[in-house]
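Student: Take this structure, written in structure tokens, and hold onto it; I'll ask about it next.
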Amino acid sequence: MPVTLIIFLLLVPGFVVIGVYLERKVSAFIQDRLGPMEVGKWGLLQLFADLLKLLQKEDIVPKAADRRLFLIAPIVIFASVFTGFAVVPLAPDLGGSGAAVGVFFLMTIVSVDVIGLLMAGWGSNNKFALYGAMRAVAQIISYEVPLGLSILCVVMLSQTLDLQVISFQQGIYSGDTVYLFGMRRFGIDVTAVGGFLSWNIIRNPFLIIAYVVYFIASLAECNRAPFDLPEGESELVAGFHTEYSGMRWALFMLSEYGMMLLVSLLGAILFLGSWNTPFPNIGPLRLADWTSGEPGTWFGYLSGAFWLLGKAMLGILIQMWARWTLPRLRVDQLMYLGWKVLTPVGLVLFFVSGVWRLLGI
């Protein structure tokens with residue numbers, strides 16, 4: 001547990017440094033421009049220059065604001081997001097707290113950031129901030145429904161809330177027999193084959209659609225474009241954090257990138273094989289064995305972390321791609337998509353997953 005804690009304490013701030021620089025370069029590439037180039041080689045020091053600027057800025061609290069709510073809000077959001085990393089398994093035998101109800105804990109603790117957003121908007125005593133906070137609350141609560149339904153589809157297939165158990169089920173070290181496409185009646189055993197053939201999106205092909213629902217809902221949970229209405233600068237200046245400056249404003253940004261990493265890690269764990277290799281064993285070509293470290297060994301730790309973080313980074317790149325490609329939705333479009341499209345699809349997938357599991361297809 002202490003080792004995992006130290007890893008995530010180093011990993012998350014390190015990802016923020018990489019993520020901010022990467023987003024600037026990715027957006028520049030998409031828009032056919034260069035991005036940061038002047039501060040350091042290839043603009044590598046631009047983020048550190050921005051951080052130094054934020055540290056030097058005055059921490060301003062508006063006179064008419066509710067001081068207590070205003071000051072506590074960034075801490076509540078920061079704590080709710082980063083507490084979620086406590087149950088994330090990074091590799092075999094490197095599973096964070098090892099909570100048996102990790103999925104439930106993660107969904108619960110991350111939902112607390114809604115309270116922080118509302119505190120920030122209300123405590124600022126600013127109409128723009130309050131509008132942004134109310135948008136955030138309505139959006140996040142709405143999209144938690146399809147997000148939860150897509151996660152429940154995986155829980156129903158795996159029959160557990162333990163993220164590490166879900167991870168083990170999707171590779172060559174599974175303690176249970178893994179059947180191709182989950183078809184137990186046909187008896188095509190792929191446990192020793194491993195690779196992508198053991199992933200949940202292959203064990204139940206309907207989970208591919210569930211992953212799409214999860215990904216869209218996770219964008220809304222992160223307030224990322226095209227669902228960034230709570231921070232819509234064209235009409236709300238900066239939304240719920242309009243009145244914040246200096247390091248308190250930086251905490252909001254740190255939490256946003258932390259949430260991006262958290263939902264991408266969770267998506268990889270639930271749907272994309274977690275820390276298991278994507279390469280299967282093909283006859284004498286033992287790709288899964290060669291690219292998967294044995295649990296409890298240093299190679300097992302390194303290979304597991306490499307595959308999990310690689311899958312998460314791919315999800316983050318797609319999030320960035322969506323942000324700099326798709327236009328922002330209107331409020332009515334956002335609610336229509338959440339309640340009349342994603343939620344019904346999630347309910348159907350939940351029913352199908354139950355039938356799939358019950359009949360042992």
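Identifiers for the structure tokens are assigned positionally: chains receive A, B, ... in sequence, residues are indexed from 1 per chain, and ligands are indexed from 1 in the order shown.
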Set the distance at 12 Å and use only C-alpha atoms: which residues neighbour Trp199 (chain A) once local chain neighbours fewer than 3 positions away are removed? I'd like the list as a PDB file with N, CA and C atoms, in the first residue's frame.

Tutor:
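The resulting file, part21.pdb, is shown below:
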ATOM      1  N   VAL A 154     -20.287  -4.243 -16.758  1.00  0.00           N
ATOM      2  CA  VAL A 154     -19.044  -4.966 -16.498  1.00  0.00           C
ATOM      3  C   VAL A 154     -19.124  -5.714 -15.176  1.00  0.00           C
ATOM      4  N   LEU A 157     -21.017  -8.871 -15.598  1.00  0.00           N
ATOM      5  CA  LEU A 157     -20.234  -9.905 -16.287  1.00  0.00           C
ATOM      6  C   LEU A 157     -19.179 -10.499 -15.364  1.00  0.00           C
ATOM      7  N   SER A 158     -18.518  -9.636 -14.567  1.00  0.00           N
ATOM      8  CA  SER A 158     -17.404 -10.077 -13.727  1.00  0.00           C
ATOM      9  C   SER A 158     -17.845 -10.626 -12.389  1.00  0.00           C
ATOM     10  N   ILE A 166     -11.269  -7.933 -11.321  1.00  0.00           N
ATOM     11  CA  ILE A 166     -11.686  -7.676 -12.703  1.00  0.00           C
ATOM     12  C   ILE A 166     -10.478  -7.678 -13.626  1.00  0.00           C
ATOM     13  N   SER A 167      -9.357  -7.152 -13.151  1.00  0.00           N
ATOM     14  CA  SER A 167      -8.129  -7.122 -13.954  1.00  0.00           C
ATOM     15  C   SER A 167      -7.604  -8.530 -14.203  1.00  0.00           C
ATOM     16  N   PHE A 168      -7.549  -9.345 -13.157  1.00  0.00           N
ATOM     17  CA  PHE A 168      -7.038 -10.706 -13.308  1.00  0.00           C
ATOM     18  C   PHE A 168      -7.907 -11.530 -14.250  1.00  0.00           C
ATOM     19  N   GLN A 169      -9.203 -11.283 -14.288  1.00  0.00           N
ATOM     20  CA  GLN A 169     -10.112 -12.056 -15.141  1.00  0.00           C
ATOM     21  C   GLN A 169      -9.852 -11.838 -16.626  1.00  0.00           C
ATOM     22  N   GLN A 170      -9.087 -10.824 -16.978  1.00  0.00           N
ATOM     23  CA  GLN A 170      -8.931 -10.451 -18.385  1.00  0.00           C
ATOM     24  C   GLN A 170      -7.554 -10.795 -18.945  1.00  0.00           C
ATOM     25  N   GLY A 171      -6.906 -11.814 -18.396  1.00  0.00           N
ATOM     26  CA  GLY A 171      -5.582 -12.170 -18.890  1.00  0.00           C
ATOM     27  C   GLY A 171      -5.231 -13.618 -18.611  1.00  0.00           C
ATOM     28  N   ILE A 172      -3.973 -13.957 -18.867  1.00  0.00           N
ATOM     29  CA  ILE A 172      -3.516 -15.344 -18.737  1.00  0.00           C
ATOM     30  C   ILE A 172      -3.403 -15.791 -17.287  1.00  0.00           C
ATOM     31  N   SER A 174      -5.770 -15.418 -15.091  1.00  0.00           N
ATOM     32  CA  SER A 174      -7.129 -15.520 -14.562  1.00  0.00           C
ATOM     33  C   SER A 174      -7.313 -16.827 -13.792  1.00  0.00           C
ATOM     34  N   VAL A 178     -11.676 -18.543 -19.036  1.00  0.00           N
ATOM     35  CA  VAL A 178     -12.115 -17.462 -19.924  1.00  0.00           C
ATOM     36  C   VAL A 178     -12.511 -18.084 -21.262  1.00  0.00           C
ATOM     37  N   TYR A 179     -13.755 -17.854 -21.678  1.00  0.00           N
ATOM     38  CA  TYR A 179     -14.258 -18.401 -22.941  1.00  0.00           C
ATOM     39  C   TYR A 179     -14.323 -17.306 -23.995  1.00  0.00           C
ATOM     40  N   LEU A 180     -14.034 -17.687 -25.237  1.00  0.00           N
ATOM     41  CA  LEU A 180     -14.079 -16.747 -26.352  1.00  0.00           C
ATOM     42  C   LEU A 180     -15.490 -16.193 -26.514  1.00  0.00           C
ATOM     43  N   PHE A 181     -15.606 -14.877 -26.549  1.00  0.00           N
ATOM     44  CA  PHE A 181     -16.887 -14.180 -26.638  1.00  0.00           C
ATOM     45  C   PHE A 181     -17.827 -14.544 -25.480  1.00  0.00           C
ATOM     46  N   GLY A 182     -17.257 -15.070 -24.391  1.00  0.00           N
ATOM     47  CA  GLY A 182     -18.068 -15.437 -23.234  1.00  0.00           C
ATOM     48  C   GLY A 182     -18.985 -16.615 -23.483  1.00  0.00           C
ATOM     49  N   VAL A 190      -9.987 -19.761 -23.880  1.00  0.00           N
ATOM     50  CA  VAL A 190      -8.874 -18.916 -24.319  1.00  0.00           C
ATOM     51  C   VAL A 190      -8.082 -18.396 -23.125  1.00  0.00           C
ATOM     52  N   THR A 191      -8.200 -19.072 -21.973  1.00  0.00           N
ATOM     53  CA  THR A 191      -7.496 -18.619 -20.768  1.00  0.00           C
ATOM     54  C   THR A 191      -5.994 -18.607 -20.992  1.00  0.00           C
ATOM     55  N   VAL A 193      -4.524 -18.475 -23.816  1.00  0.00           N
ATOM     56  CA  VAL A 193      -4.190 -17.643 -24.982  1.00  0.00           C
ATOM     57  C   VAL A 193      -3.980 -16.200 -24.554  1.00  0.00           C
ATOM     58  N   GLY A 194      -4.890 -15.695 -23.715  1.00  0.00           N
ATOM     59  CA  GLY A 194      -4.753 -14.344 -23.180  1.00  0.00           C
ATOM     60  C   GLY A 194      -4.861 -13.273 -24.244  1.00  0.00           C
ATOM     61  N   GLY A 195      -4.167 -12.163 -24.032  1.00  0.00           N
ATOM     62  CA  GLY A 195      -4.206 -11.049 -24.972  1.00  0.00           C
ATOM     63  C   GLY A 195      -5.580 -10.407 -25.027  1.00  0.00           C
ATOM     64  N   PHE A 196      -5.852  -9.734 -26.136  1.00  0.00           N
ATOM     65  CA  PHE A 196      -7.118  -9.017 -26.277  1.00  0.00           C
ATOM     66  C   PHE A 196      -8.326  -9.951 -26.308  1.00  0.00           C
ATOM     67  N   ILE A 202     -14.405  -8.256 -25.482  1.00  0.00           N
ATOM     68  CA  ILE A 202     -14.477  -9.457 -26.317  1.00  0.00           C
ATOM     69  C   ILE A 202     -15.295 -10.535 -25.613  1.00  0.00           C
ATOM     70  N   ARG A 203     -15.148 -10.639 -24.292  1.00  0.00           N
ATOM     71  CA  ARG A 203     -15.922 -11.621 -23.522  1.00  0.00           C
ATOM     72  C   ARG A 203     -17.423 -11.354 -23.651  1.00  0.00           C
ATOM     73  N   ASN A 204     -17.794 -10.099 -23.751  1.00  0.00           N
ATOM     74  CA  ASN A 204     -19.182  -9.717 -24.032  1.00  0.00           C
ATOM     75  C   ASN A 204     -19.139  -8.609 -25.086  1.00  0.00           C
ATOM     76  N   PRO A 205     -19.334  -8.952 -26.367  1.00  0.00           N
ATOM     77  CA  PRO A 205     -19.181  -7.950 -27.443  1.00  0.00           C
ATOM     78  C   PRO A 205     -20.064  -6.721 -27.270  1.00  0.00           C
ATOM     79  N   LEU A 207     -20.282  -4.999 -24.767  1.00  0.00           N
ATOM     80  CA  LEU A 207     -19.559  -4.039 -23.940  1.00  0.00           C
ATOM     81  C   LEU A 207     -18.765  -3.033 -24.773  1.00  0.00           C
ATOM     82  N   ILE A 208     -18.585  -3.305 -26.058  1.00  0.00           N
ATOM     83  CA  ILE A 208     -17.968  -2.293 -26.923  1.00  0.00           C
ATOM     84  C   ILE A 208     -18.857  -1.055 -26.967  1.00  0.00           C
ATOM     85  N   GLY A 267     -11.636   3.193 -17.340  1.00  0.00           N
ATOM     86  CA  GLY A 267     -12.111   2.629 -18.600  1.00  0.00           C
ATOM     87  C   GLY A 267     -11.219   1.500 -19.090  1.00  0.00           C
ATOM     88  N   ALA A 268      -9.893   1.686 -18.946  1.00  0.00           N
ATOM     89  CA  ALA A 268      -8.960   0.635 -19.358  1.00  0.00           C
ATOM     90  C   ALA A 268      -9.103  -0.603 -18.486  1.00  0.00           C
ATOM     91  N   ILE A 269      -9.325  -0.408 -17.186  1.00  0.00           N
ATOM     92  CA  ILE A 269      -9.458  -1.539 -16.264  1.00  0.00           C
ATOM     93  C   ILE A 269     -10.740  -2.321 -16.537  1.00  0.00           C
ATOM     94  N   LEU A 270     -11.837  -1.619 -16.734  1.00  0.00           N
ATOM     95  CA  LEU A 270     -13.130  -2.285 -16.874  1.00  0.00           C
ATOM     96  C   LEU A 270     -13.334  -2.918 -18.241  1.00  0.00           C
ATOM     97  N   PHE A 271     -12.827  -2.283 -19.290  1.00  0.00           N
ATOM     98  CA  PHE A 271     -13.180  -2.718 -20.645  1.00  0.00           C
ATOM     99  C   PHE A 271     -11.995  -3.235 -21.459  1.00  0.00           C
ATOM    100  N   LEU A 272     -10.796  -2.711 -21.232  1.00  0.00           N
ATOM    101  CA  LEU A 272      -9.682  -2.949 -22.153  1.00  0.00           C
ATOM    102  C   LEU A 272      -8.567  -3.798 -21.558  1.00  0.00           C
ATOM    103  N   GLY A 273      -8.909  -4.701 -20.650  1.00  0.00           N
ATOM    104  CA  GLY A 273      -7.908  -5.650 -20.178  1.00  0.00           C
ATOM    105  C   GLY A 273      -7.034  -5.187 -19.046  1.00  0.00           C
ATOM    106  N   SER A 274      -7.243  -3.973 -18.541  1.00  0.00           N
ATOM    107  CA  SER A 274      -6.467  -3.451 -17.419  1.00  0.00           C
ATOM    108  C   SER A 274      -4.966  -3.529 -17.707  1.00  0.00           C
ATOM    109  N   TRP A 275      -4.191  -4.123 -16.772  1.00  0.00           N
ATOM    110  CA  TRP A 275      -2.736  -4.164 -16.941  1.00  0.00           C
ATOM    111  C   TRP A 275      -2.284  -5.374 -17.759  1.00  0.00           C
ATOM    112  N   ASN A 276      -3.207  -6.097 -18.363  1.00  0.00           N
ATOM    113  CA  ASN A 276      -2.839  -7.265 -19.169  1.00  0.00           C
ATOM    114  C   ASN A 276      -2.394  -6.846 -20.570  1.00  0.00           C
ATOM    115  N   THR A 277      -1.490  -7.629 -21.139  1.00  0.00           N
ATOM    116  CA  THR A 277      -0.975  -7.357 -22.474  1.00  0.00           C
ATOM    117  C   THR A 277      -2.051  -7.541 -23.543  1.00  0.00           C
ATOM    118  N   PRO A 278      -1.996  -6.785 -24.638  1.00  0.00           N
ATOM    119  CA  PRO A 278      -2.947  -7.009 -25.735  1.00  0.00           C
ATOM    120  C   PRO A 278      -2.539  -8.160 -26.653  1.00  0.00           C
ATOM    121  N   PHE A 279      -1.317  -8.681 -26.499  1.00  0.00           N
ATOM    122  CA  PHE A 279      -0.813  -9.710 -27.418  1.00  0.00           C
ATOM    123  C   PHE A 279      -1.179 -11.102 -26.920  1.00  0.00           C
ATOM    124  N   PRO A 280      -1.814 -11.939 -27.770  1.00  0.00           N
ATOM    125  CA  PRO A 280      -2.183 -13.305 -27.360  1.00  0.00           C
ATOM    126  C   PRO A 280      -1.069 -14.300 -27.660  1.00  0.00           C
TER     127      PRO A 280
END

Student: Which residues are near Phe70 (chain A)? Cut-off 12 Å, only C-alpha atoms, ignore same chain within fewer than 5 positions. Put them as a VMD selection string.

Tutor: chain A and resid 59 to 65 75 to 77 116 to 126 129 240 to 245 248 to 249

Student: Which is closest to Leu337 (chain A) among A:Leu302, A:Val355, A:Ala217, A:Leu261, if we use only C-alpha atoms?

Tutor: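 Using only C-alpha atoms, Leu337 (chain A) sits closest to A:Ala217.
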
Student: Just the number, please: distance in Å from CA of Val87 (chain A) to CA of Leu51 (chain A), one decimal.

Tutor: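 Calculated distance between CA of Val87 (chain A) and CA of Leu51 (chain A) is 29.2 Å.
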
Student: Given only C-alpha atoms as the basis, pick out the residue of A:Gln46, A:Gln164, A:Ser27, A:Thr177 nearest to Val88 (chain A).

Tutor: A:Gln164
